[in-house]
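Data first, discussion second: the structure below is written as C-alpha cells.
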Amino acid sequence: SYNNAGVDTSEPSSTHTSDPASGAIFASDYKKHDDLKTMLDSSKDNLKLDAMKRIVGMVARGKDASDLFPAVVKNVVSKNIEIKKLVYVYLVRYAEEQQDLALLSISTFQKGLRDPNQLIRASALRVLSSIRVPMIAPILMLSIKESVRDMSPYVRKTAAHAIPKLYTLDPDLKEELVEVIEELLKDKTTLVVGSVVMAYEEVCPERIDLIHKNYRKLCNLLVDVEEWGQAIIMNMLTRYARTQFLDPNGDQSAATGSLSKSANFYDRSDDDDESDNEAQRDTKSRRSYTMDPDHRLLLRVAKPLLQSRNSAVVMAVVQLYAHLAPRVELGLVAKPLVRLLRSHPEVQAVVLTNIATMCTTRRDIFDPYLKSFFIRSSDLSHIKLLKLEILVSLATETNISVILREFQAYVHSTDKQLAAATIQAIGRCATSIQGVSEACLSGLVTLMSCRDELIVAESVVVIKKLLQLKEEDHHTVIAHMARLLDTIKVPMARASICWLLGEYCEKVPKIAPDALRKMAKTFTSEDDITKLQVVNLAAKLCLTNPKQTKLLCQYVLNLAKYDECYDIRDRARFIRALILPQDSNVLTKHARKFFLSTKPAPGLEPRFSDRRSLQLGSLSHYLNLKAAGYRALPEFPTTQPDATVRNTAEPVSMTVPVTTSKSTTVKGTSKKSKGFYSSSSSEYSSEEDEDDPSVTSLSGSDKDNDDMEEDQSADIGESEESSSEASEEDTESSGVSPIVSRKAETRTKHSNETDEQSSEEDSSSQEESSSDEEEAEVKPDNVLKKVPISRNKKGTVKNNKVENLLDLGTEEIQPVGNQIPTAMLSPKLVSELEGIDMKDEQRMGSGISSSTSTGRTYEIINRMTTGGVSGTYRFSRGVYLYSETAVPVELSFTNQSESPVGDLEIRVVAGSHAVTGLETIQEIAPGAKVSFTIGIEFGDTTRPASLELFIGGSRGYKLALAAPVGEQLRPMSISQTEFSSLQSKLSGMNENRSVFVPHEKEKAWLNKRIAETANLCEVVGSSIIRCYGVSLATGSPVLVSLKDFADSNRVELAVNCEKIVIGSMLVKELRTALEKTS
C-alpha cells in the first residue's frame, strides 16, 4: 500500500519471513504462518479466501497447519459461502486434535445445521461428529436426528456417516441409533442407501429384522448406488441371504456324493436294482429344491455389476456368487476375475488369492483361461508364486504337458525363490497325475546335477516325498542322492538323504554304511535337523546290518549324548536303551517294528485349501487369519425360513370383539395376514397340492421368477386398495363398527370383487362363510388371541371345547360398548394398544405373593433361527413335583409358520445341569402353542442350562436357560423375632449392604418390585420391608430387608445369606430392579 506521497508503507518483513533461505526462521521474533494469521484477521473477504486456499493446500500436501486453528475457527461465522466451505474443510481435519477450541464454537456449528446451503449443513454435522468428546454425545444425537429428516440427501448421507462415530463415542446410545438407522433404511435415495448400510454394519449387524422390509428395495437400487456403496450392500446382503435362503447346492451335492459312492461301492450286477432306486430317490430330492424368488432377485441384480470398472465391486459380486449361487452359474465370474489381472499389482495379488482358493473346489471354470496365469518376467515375486499355485491347481491330464513345459522355463529362472517353488509344484503335479509321475521324477533327478545348490536341495526334498509315494525299486536314484552328501550343504537336503538311506537301507546295503561313516565325521558341525536323521540312520543300520555298523552306531550315540540340543540328547538315550540295552528289555524285541515299519505317504495339500472357511474378498481371507472384527459367514438354514417377512404390505390395524349376527364374539386379529382368498379356500388348495405329486418340480427360469415377483407386487397393491374400499362400504351399509377381524375384511373384499362371476363365486363364498363359522365354533384357538391350548399324551395340540368356552366366558369376552374405533386412532397408538392385557393389571397386588409367577418371559429361540418355531420360557415359582431342589421352568413353543411342525425333541447337552420332565412334541399346528414344565437343578449358580432342540430330525439348535438368583429361592414364612435372630447370626461377611436412590419410595411399589425379582415371602407386621426365603439347592436362609431414610430419598438394602456369592448377586439384582423406571 502507498500513502499520499507515494511512499511504500507495507511491511517488508513478510518478504523475507516467507523465504527460509533468508535466515529469518532462526530469528527470536519469528512467528510461523504470521502472514496467514494477518490475512485471516483482515476485514476483506478476498484476503480471507486467499488465506484459506493456501491453508487447505498445505493440508492437502500433508503439512501441519494445526497452529492456525484459533485464527481459522473465528471465520466460521463468515457470510461468504466459499470461505465457510473452506473453514469447515479445515475444521474436519483438525477438530479432533484441537477439541478444546472446537468446543467453544459448538453453538456456531449448531447454527450451521440450519444454514440454507446443504453443503454447510453437512459440513457442520461432519465437524460435530469429529469432536471426540463424550460430553457432546447428546448434542450430536439431536443433530443426527434432525439431519435424518433433512430434505437434502447429501445431509442425510452425512448423518449416516456420523452414526458410527457417535456409537464409538458412546455405545450406550445404541438403541436410539438403531431407531435412526431403521428410519434411514426406508430412504429410497441412492446417495443415502450405501452410507446407511455401512452404519448398519458398524452398529447393529445382528438386527436382521431391519433388512426384511427393505431387502427388495436394496436389490432394486443396487445398480444405481455409488461404487463404494455397492460393495458394502452386497457384502451385507450376502450375510443376510445365508440366513434366509436354503443352500442351492445342498441337495445337489448330497445327491452327487451319494451317487458317486454307490457307483464305487456297488459294482456287482445283483445290486443294480438297489443302486437304481437310490439314484431315483436322490433325483427326487434334488428336484424338491425350488429357489426362493428373492434369492434369484439378488443374483440377477448383482450380475451386471461384474462389468464394473471398480475392482472392489467386481470382487463383491464374485464372493456373492461363490457363497450363494448354484454351481452351474459360478462360471460367470471367471472372465471378470481374469480381466482384473490387468490392473495394478495390489489388485492382482488380491484377485489371484481368491482365484487360488476357488480353484481348490471349482478349477473347471478357469480352464479356458490357463494362459492368463503364465508368469511374466515383470511380475512381482508374490504374484509369481500365486500364479504358480493356480497353475498347479489347474493341472489335468489334458493340459499337464503345457504346464510342465512352462515349468521348465521357471526352473532356470534367475529368481531362486521361483525356481524352488517350481520344483515343489512339479512334485505336486507328479502326485496328483499318475501318468506323468515317472517323467517328473526323472526330470528332478536331472536337476540334482545342477550347479545351483538351492535347486539341488529342493529337488532332493521333493524326490524324497515322491519315493514315499512309489512302491517301485528306486535304488539307483537313492545311490545317486547318496553321492551328493559330499557336495550339498543345505541342512534339509542332507537330512532328507539320510532319511532315505535309513528307510531303504536294505536296498542299498553297501552305500548306507559308508554314508553313515561320512556323516559321523562331520556330526558335530551338522545342523540339528541333520543330526536327528543321522542318529535315526545309525539305529536303522544297527538293526539291519549290526556286524558292520554296531560300533559306528555306538560312536554316533556317544557324540549325540553330549550334544548341546536336548532333543538330540534325549533321542540318543532312547535309542541306546532300545537297541543297545545293558539288561534284557522287552521293547528290544520290537525295535525293528519301531524303526522299520511302513510309513504313510505324505499328503501334498494345496496351500490355499485351508482358506475355504473364510469369506472370499475379505482381509482375513487374504491374510489367512481372522483379523479383528471379522465375522464368519453363517451357515445356510436347514429349513426354509418364513419368506413373508420381506413382504411390504401395510400393517394390519388392531381389532376388538364384534358381535355378529350369530352371536359369535371374536377378539384380536389373525396372526398371519390373509392372502387374496380366504383361509378355507387356501387350505383346501394347499391340501390338493400336497395330495398331487405333480406339484413338486424344479424351479423355473429367471423369467418365471420375474413374473412371479411382478404378480406378487401387483396383488399386494390391489389387495390393499380393495381392502380399504370394502371395509368402508361394509361399514356404511351395515352400520356395524368398522373394527372387524382380518377374516371379515377378506370376506367382504372377496364378495365385492366377484360380482361378475355369479354362479361359481357365489357358491365358493357360501362355502367360505360356512367354513369360517365352523372354524370359529370348533377351533377358537385359531381366532382368539390368548386361549390356552391343551395337549394330549402324544404331545399334539387338541381343542377342548369346554375349556375354550370357559375361557370365552371369563377372560376373552369384552363389552361391545367399550370398543375403540381404529379409524380415530393413529397407527402408532393402535400398535401400542394392541399389546395391552387387562389380566396383568388385575393380577397386581400391593403385597408380595410367593405362589404366583411374575409373568416375565424370556426368549429362548427365535423363529428366524428355526424357520417358524419360536420358544420362550418363564419361571412358574411353584413346587416342582418330581424334585424339591429343582427350579420349575415353563417352556412354550409356538408354530409361527404356515405348515405343521412335528417331532420336536429336546435333549440335555453333556456336562450341563440335570433336567427332568422333558417331553417330545409330535406336532404343532400352524399358529398353535404348546407349553410344558420342566425342572432344572441349577445348584445355586447362574450358569445356564444347555439344551438342544431337534425339529423333525434336523440338526440341533442350541438353547440356553439362565436363572437369576432370585428365581432359585423358595419363600418361607417366619416371624419378626425369628427374622431378627437369623439376621444377627448372619452378619459380618455374610451380610451385603447397598445404599442407593430408588425410582419410587412407596412401599407398595417397592414390594411389587422385590416380588418380581426374588421369590420371597414378606414378614408380616414389620415396620420396614422384610422378606425371607431359602435357596432351593442347599436350603440356605436368605434374608432381605429394605430400610427407608426419612431425611433423604435414599434407602438401604441388606441381604443376609451364608452363601456370600448368592448374597452379593441378589443385592445387584434387587438394586437394579428398584432403580429402573419400569
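Quick note on naming: the chains in the C-alpha cells go A, B, ... in the order shown, residues restart at 1 in each chain, and ligands are numbered from 1 in order of appearance.
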
With a distance cut-off of 12 Å and only C-alpha atoms, select the neighbouring residues of region 1071-1077 of chain A, excluding the residue or stretch itself and same-chain residues fewer than 2 positions from it, and output the selection as a PyMOL selection string.
chain A and resi 966+992-1003+1005-1014+1040+1042+1050-1055+1064-1069

Extract, using only C-alpha atoms, all DNA, RNA and protein residues at most 10 Å from Lys985 (chain A), discarding same-chain residues fewer than 3 positions from it, and format them as a PyMOL selection string.
chain A and resi 980-982+988+990-991+1056-1058

Where in region 13-217 of chain A does DSSP assign helix (DSSP H, G or I), given as a PDB file with C-alpha atoms, in the first residue's frame?
```
ATOM      1  CA  SER A  13       9.118  -8.476   6.849  1.00  0.00           C
ATOM      2  CA  SER A  14       6.599 -10.623   5.018  1.00  0.00           C
ATOM      3  CA  THR A  15       9.014 -10.998   2.129  1.00  0.00           C
ATOM      4  CA  HIS A  16      11.946 -12.437   3.966  1.00  0.00           C
ATOM      5  CA  THR A  17       9.927 -14.358   6.571  1.00  0.00           C
ATOM      6  CA  PRO A  20      13.611 -19.886   4.641  1.00  0.00           C
ATOM      7  CA  ALA A  21      16.891 -19.023   2.880  1.00  0.00           C
ATOM      8  CA  SER A  22      16.823 -15.560   4.360  1.00  0.00           C
ATOM      9  CA  ALA A  24      14.652 -15.240   9.401  1.00  0.00           C
ATOM     10  CA  ILE A  25      13.319 -18.540  10.721  1.00  0.00           C
ATOM     11  CA  PHE A  26      16.199 -18.521  13.205  1.00  0.00           C
ATOM     12  CA  ASP A  34       2.205 -14.982  10.737  1.00  0.00           C
ATOM     13  CA  ASP A  35       1.204 -13.665   7.322  1.00  0.00           C
ATOM     14  CA  LEU A  36      -1.695 -16.133   7.092  1.00  0.00           C
ATOM     15  CA  LYS A  37      -2.956 -15.136  10.519  1.00  0.00           C
ATOM     16  CA  THR A  38      -2.875 -11.490   9.455  1.00  0.00           C
ATOM     17  CA  MET A  39      -4.860 -12.254   6.335  1.00  0.00           C
ATOM     18  CA  LEU A  40      -7.445 -14.257   8.323  1.00  0.00           C
ATOM     19  CA  ASP A  45     -13.168 -11.409   2.170  1.00  0.00           C
ATOM     20  CA  ASN A  46     -10.737 -11.749  -0.739  1.00  0.00           C
ATOM     21  CA  LEU A  47      -7.783 -11.879   1.654  1.00  0.00           C
ATOM     22  CA  LYS A  48      -9.516 -14.424   3.865  1.00  0.00           C
ATOM     23  CA  LEU A  49     -10.417 -16.556   0.861  1.00  0.00           C
ATOM     24  CA  ASP A  50      -6.829 -16.443  -0.420  1.00  0.00           C
ATOM     25  CA  ALA A  51      -5.530 -17.423   3.025  1.00  0.00           C
ATOM     26  CA  MET A  52      -7.965 -20.333   3.348  1.00  0.00           C
ATOM     27  CA  LYS A  53      -6.999 -21.613  -0.111  1.00  0.00           C
ATOM     28  CA  ARG A  54      -3.336 -21.602   0.906  1.00  0.00           C
ATOM     29  CA  ILE A  55      -4.105 -23.316   4.216  1.00  0.00           C
ATOM     30  CA  VAL A  56      -6.212 -26.062   2.590  1.00  0.00           C
ATOM     31  CA  GLY A  57      -3.422 -26.531   0.051  1.00  0.00           C
ATOM     32  CA  MET A  58      -0.953 -27.027   2.891  1.00  0.00           C
ATOM     33  CA  VAL A  59      -3.252 -29.610   4.485  1.00  0.00           C
ATOM     34  CA  ALA A  60      -3.604 -31.417   1.157  1.00  0.00           C
ATOM     35  CA  SER A  66      -2.778 -27.028  13.399  1.00  0.00           C
ATOM     36  CA  ASP A  67      -1.372 -23.796  14.914  1.00  0.00           C
ATOM     37  CA  LEU A  68      -3.742 -21.818  12.684  1.00  0.00           C
ATOM     38  CA  PHE A  69      -6.830 -23.373  14.302  1.00  0.00           C
ATOM     39  CA  PRO A  70      -7.759 -20.346  16.514  1.00  0.00           C
ATOM     40  CA  ALA A  71      -7.467 -17.976  13.568  1.00  0.00           C
ATOM     41  CA  VAL A  72      -9.463 -20.227  11.242  1.00  0.00           C
ATOM     42  CA  VAL A  73     -12.271 -21.139  13.628  1.00  0.00           C
ATOM     43  CA  LYS A  74     -13.180 -17.466  14.075  1.00  0.00           C
ATOM     44  CA  ASN A  75     -14.146 -17.281  10.385  1.00  0.00           C
ATOM     45  CA  VAL A  76     -16.782 -19.977  10.689  1.00  0.00           C
ATOM     46  CA  VAL A  77     -19.338 -17.186  11.096  1.00  0.00           C
ATOM     47  CA  ILE A  81     -20.144 -19.205   1.328  1.00  0.00           C
ATOM     48  CA  GLU A  82     -16.771 -20.014  -0.232  1.00  0.00           C
ATOM     49  CA  ILE A  83     -14.880 -19.033   2.925  1.00  0.00           C
ATOM     50  CA  LYS A  84     -17.272 -21.001   5.122  1.00  0.00           C
ATOM     51  CA  LYS A  85     -16.836 -24.126   2.984  1.00  0.00           C
ATOM     52  CA  LEU A  86     -13.059 -23.982   3.257  1.00  0.00           C
ATOM     53  CA  VAL A  87     -13.234 -23.302   7.006  1.00  0.00           C
ATOM     54  CA  TYR A  88     -15.329 -26.426   7.517  1.00  0.00           C
ATOM     55  CA  VAL A  89     -12.900 -28.453   5.408  1.00  0.00           C
ATOM     56  CA  TYR A  90     -10.103 -27.333   7.709  1.00  0.00           C
ATOM     57  CA  LEU A  91     -12.128 -27.949  10.883  1.00  0.00           C
ATOM     58  CA  VAL A  92     -12.989 -31.508   9.861  1.00  0.00           C
ATOM     59  CA  ARG A  93      -9.267 -32.220   9.619  1.00  0.00           C
ATOM     60  CA  TYR A  94      -8.205 -30.665  12.952  1.00  0.00           C
ATOM     61  CA  GLN A  99     -11.019 -30.384  20.848  1.00  0.00           C
ATOM     62  CA  ASP A 100     -10.962 -27.633  23.492  1.00  0.00           C
ATOM     63  CA  LEU A 101     -11.036 -24.854  20.926  1.00  0.00           C
ATOM     64  CA  ALA A 102     -13.643 -26.663  18.844  1.00  0.00           C
ATOM     65  CA  LEU A 103     -15.927 -26.954  21.879  1.00  0.00           C
ATOM     66  CA  ILE A 106     -20.311 -25.665  19.177  1.00  0.00           C
ATOM     67  CA  SER A 107     -23.101 -23.099  19.155  1.00  0.00           C
ATOM     68  CA  THR A 108     -21.827 -21.856  15.792  1.00  0.00           C
ATOM     69  CA  PHE A 109     -21.787 -25.420  14.422  1.00  0.00           C
ATOM     70  CA  GLN A 110     -25.357 -25.922  15.619  1.00  0.00           C
ATOM     71  CA  LYS A 111     -26.397 -22.779  13.797  1.00  0.00           C
ATOM     72  CA  GLY A 112     -24.679 -24.165  10.722  1.00  0.00           C
ATOM     73  CA  GLN A 118     -26.802 -28.067   2.121  1.00  0.00           C
ATOM     74  CA  LEU A 119     -23.006 -28.220   1.969  1.00  0.00           C
ATOM     75  CA  ILE A 120     -22.753 -26.009   5.061  1.00  0.00           C
ATOM     76  CA  ARG A 121     -25.292 -28.130   6.942  1.00  0.00           C
ATOM     77  CA  ALA A 122     -23.430 -31.319   6.074  1.00  0.00           C
ATOM     78  CA  SER A 123     -20.057 -29.797   6.942  1.00  0.00           C
ATOM     79  CA  ALA A 124     -21.338 -28.577  10.314  1.00  0.00           C
ATOM     80  CA  LEU A 125     -22.554 -32.070  11.181  1.00  0.00           C
ATOM     81  CA  ARG A 126     -19.279 -33.562   9.986  1.00  0.00           C
ATOM     82  CA  VAL A 127     -17.319 -31.227  12.257  1.00  0.00           C
ATOM     83  CA  LEU A 128     -19.572 -32.016  15.232  1.00  0.00           C
ATOM     84  CA  SER A 129     -19.045 -35.743  14.757  1.00  0.00           C
ATOM     85  CA  SER A 130     -15.286 -35.204  14.533  1.00  0.00           C
ATOM     86  CA  PRO A 134     -18.202 -37.745  25.283  1.00  0.00           C
ATOM     87  CA  MET A 135     -19.771 -34.631  26.754  1.00  0.00           C
ATOM     88  CA  ILE A 136     -21.280 -33.574  23.400  1.00  0.00           C
ATOM     89  CA  ALA A 137     -22.797 -37.009  22.632  1.00  0.00           C
ATOM     90  CA  PRO A 138     -26.374 -35.827  23.447  1.00  0.00           C
ATOM     91  CA  ILE A 139     -25.907 -32.750  21.262  1.00  0.00           C
ATOM     92  CA  LEU A 140     -24.616 -34.888  18.410  1.00  0.00           C
ATOM     93  CA  MET A 141     -27.521 -37.313  18.863  1.00  0.00           C
ATOM     94  CA  LEU A 142     -30.038 -34.499  18.481  1.00  0.00           C
ATOM     95  CA  SER A 143     -28.170 -33.151  15.461  1.00  0.00           C
ATOM     96  CA  ILE A 144     -28.239 -36.542  13.764  1.00  0.00           C
ATOM     97  CA  LYS A 145     -31.962 -36.959  14.423  1.00  0.00           C
ATOM     98  CA  GLU A 146     -32.570 -33.529  12.927  1.00  0.00           C
ATOM     99  CA  SER A 147     -30.385 -34.210   9.891  1.00  0.00           C
ATOM    100  CA  VAL A 148     -32.086 -37.527   9.185  1.00  0.00           C
ATOM    101  CA  PRO A 153     -29.921 -36.430   0.519  1.00  0.00           C
ATOM    102  CA  TYR A 154     -26.361 -35.213   0.945  1.00  0.00           C
ATOM    103  CA  VAL A 155     -27.100 -34.131   4.518  1.00  0.00           C
ATOM    104  CA  ARG A 156     -28.830 -37.444   5.235  1.00  0.00           C
ATOM    105  CA  LYS A 157     -25.782 -39.244   3.868  1.00  0.00           C
ATOM    106  CA  THR A 158     -23.569 -37.238   6.226  1.00  0.00           C
ATOM    107  CA  ALA A 159     -25.875 -38.144   9.105  1.00  0.00           C
ATOM    108  CA  ALA A 160     -25.432 -41.829   8.262  1.00  0.00           C
ATOM    109  CA  HIS A 161     -21.650 -41.355   8.360  1.00  0.00           C
ATOM    110  CA  ALA A 162     -21.913 -39.709  11.771  1.00  0.00           C
ATOM    111  CA  ILE A 163     -23.788 -42.649  13.312  1.00  0.00           C
ATOM    112  CA  PRO A 164     -20.748 -44.996  13.662  1.00  0.00           C
ATOM    113  CA  LYS A 165     -18.681 -42.128  15.082  1.00  0.00           C
ATOM    114  CA  LEU A 166     -21.277 -41.471  17.763  1.00  0.00           C
ATOM    115  CA  TYR A 167     -21.574 -45.180  18.504  1.00  0.00           C
ATOM    116  CA  THR A 168     -17.837 -45.478  19.171  1.00  0.00           C
ATOM    117  CA  LEU A 169     -18.031 -42.325  21.311  1.00  0.00           C
ATOM    118  CA  PRO A 171     -22.070 -47.197  22.957  1.00  0.00           C
ATOM    119  CA  ASP A 172     -24.939 -46.687  25.412  1.00  0.00           C
ATOM    120  CA  LEU A 173     -26.822 -44.788  22.695  1.00  0.00           C
ATOM    121  CA  LYS A 174     -27.140 -47.919  20.574  1.00  0.00           C
ATOM    122  CA  GLU A 175     -30.916 -48.253  20.941  1.00  0.00           C
ATOM    123  CA  GLU A 176     -31.522 -44.695  19.794  1.00  0.00           C
ATOM    124  CA  LEU A 177     -29.075 -45.108  16.927  1.00  0.00           C
ATOM    125  CA  VAL A 178     -30.833 -48.289  15.815  1.00  0.00           C
ATOM    126  CA  GLU A 179     -34.073 -46.331  15.574  1.00  0.00           C
ATOM    127  CA  VAL A 180     -32.311 -43.739  13.429  1.00  0.00           C
ATOM    128  CA  ILE A 181     -30.861 -46.462  11.200  1.00  0.00           C
ATOM    129  CA  GLU A 182     -34.292 -48.031  10.853  1.00  0.00           C
ATOM    130  CA  GLU A 183     -35.658 -44.682   9.713  1.00  0.00           C
ATOM    131  CA  LEU A 184     -32.806 -44.131   7.260  1.00  0.00           C
ATOM    132  CA  THR A 190     -29.301 -43.962  -3.976  1.00  0.00           C
ATOM    133  CA  LEU A 191     -26.950 -41.399  -2.452  1.00  0.00           C
ATOM    134  CA  VAL A 192     -28.015 -42.374   1.073  1.00  0.00           C
ATOM    135  CA  VAL A 193     -28.510 -46.147   0.857  1.00  0.00           C
ATOM    136  CA  GLY A 194     -24.851 -47.161   0.833  1.00  0.00           C
ATOM    137  CA  SER A 195     -23.978 -44.998   3.825  1.00  0.00           C
ATOM    138  CA  VAL A 196     -26.941 -46.308   5.816  1.00  0.00           C
ATOM    139  CA  VAL A 197     -25.963 -49.914   5.215  1.00  0.00           C
ATOM    140  CA  MET A 198     -22.417 -49.085   6.317  1.00  0.00           C
ATOM    141  CA  ALA A 199     -23.799 -47.614   9.555  1.00  0.00           C
ATOM    142  CA  TYR A 200     -25.977 -50.694  10.000  1.00  0.00           C
ATOM    143  CA  GLU A 201     -22.971 -52.994   9.631  1.00  0.00           C
ATOM    144  CA  GLU A 202     -20.990 -50.983  12.187  1.00  0.00           C
ATOM    145  CA  VAL A 203     -23.687 -50.555  14.836  1.00  0.00           C
ATOM    146  CA  ASP A 209     -35.192 -57.834  11.108  1.00  0.00           C
ATOM    147  CA  LEU A 210     -34.338 -54.308   9.935  1.00  0.00           C
ATOM    148  CA  ILE A 211     -33.439 -55.651   6.482  1.00  0.00           C
ATOM    149  CA  HIS A 212     -36.551 -57.756   5.860  1.00  0.00           C
ATOM    150  CA  TYR A 215     -34.465 -56.244   1.094  1.00  0.00           C
ATOM    151  CA  ARG A 216     -36.169 -55.889  -2.275  1.00  0.00           C
ATOM    152  CA  LYS A 217     -35.671 -52.131  -2.315  1.00  0.00           C
TER     153      LYS A 217
END
```

By how many Å are CA of Ser105 (chain A) and CA of Ser43 (chain A) apart?
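Distance reported for this atom pair: 20.2 Å.
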
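Our summary of the geometry notes that CA of Arg943 (chain A) is positioned 15.6 Å from CA of Leu969 (chain A).
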
Measuring between only C-alpha atoms, which one of A:Pro116, A:Leu1070, A:Tyr240, A:Thr977 shows the shortest distance to Arg207 (chain A)?
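Of A:Pro116, A:Leu1070, A:Tyr240, A:Thr977, the one nearest Arg207 (chain A) is A:Tyr240, counting only C-alpha atoms.
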
Have a look at CA of Asp514 (chain A) and CA of Leu500 (chain A) and let me know their distance in Å, one decimal.
14.1 Å
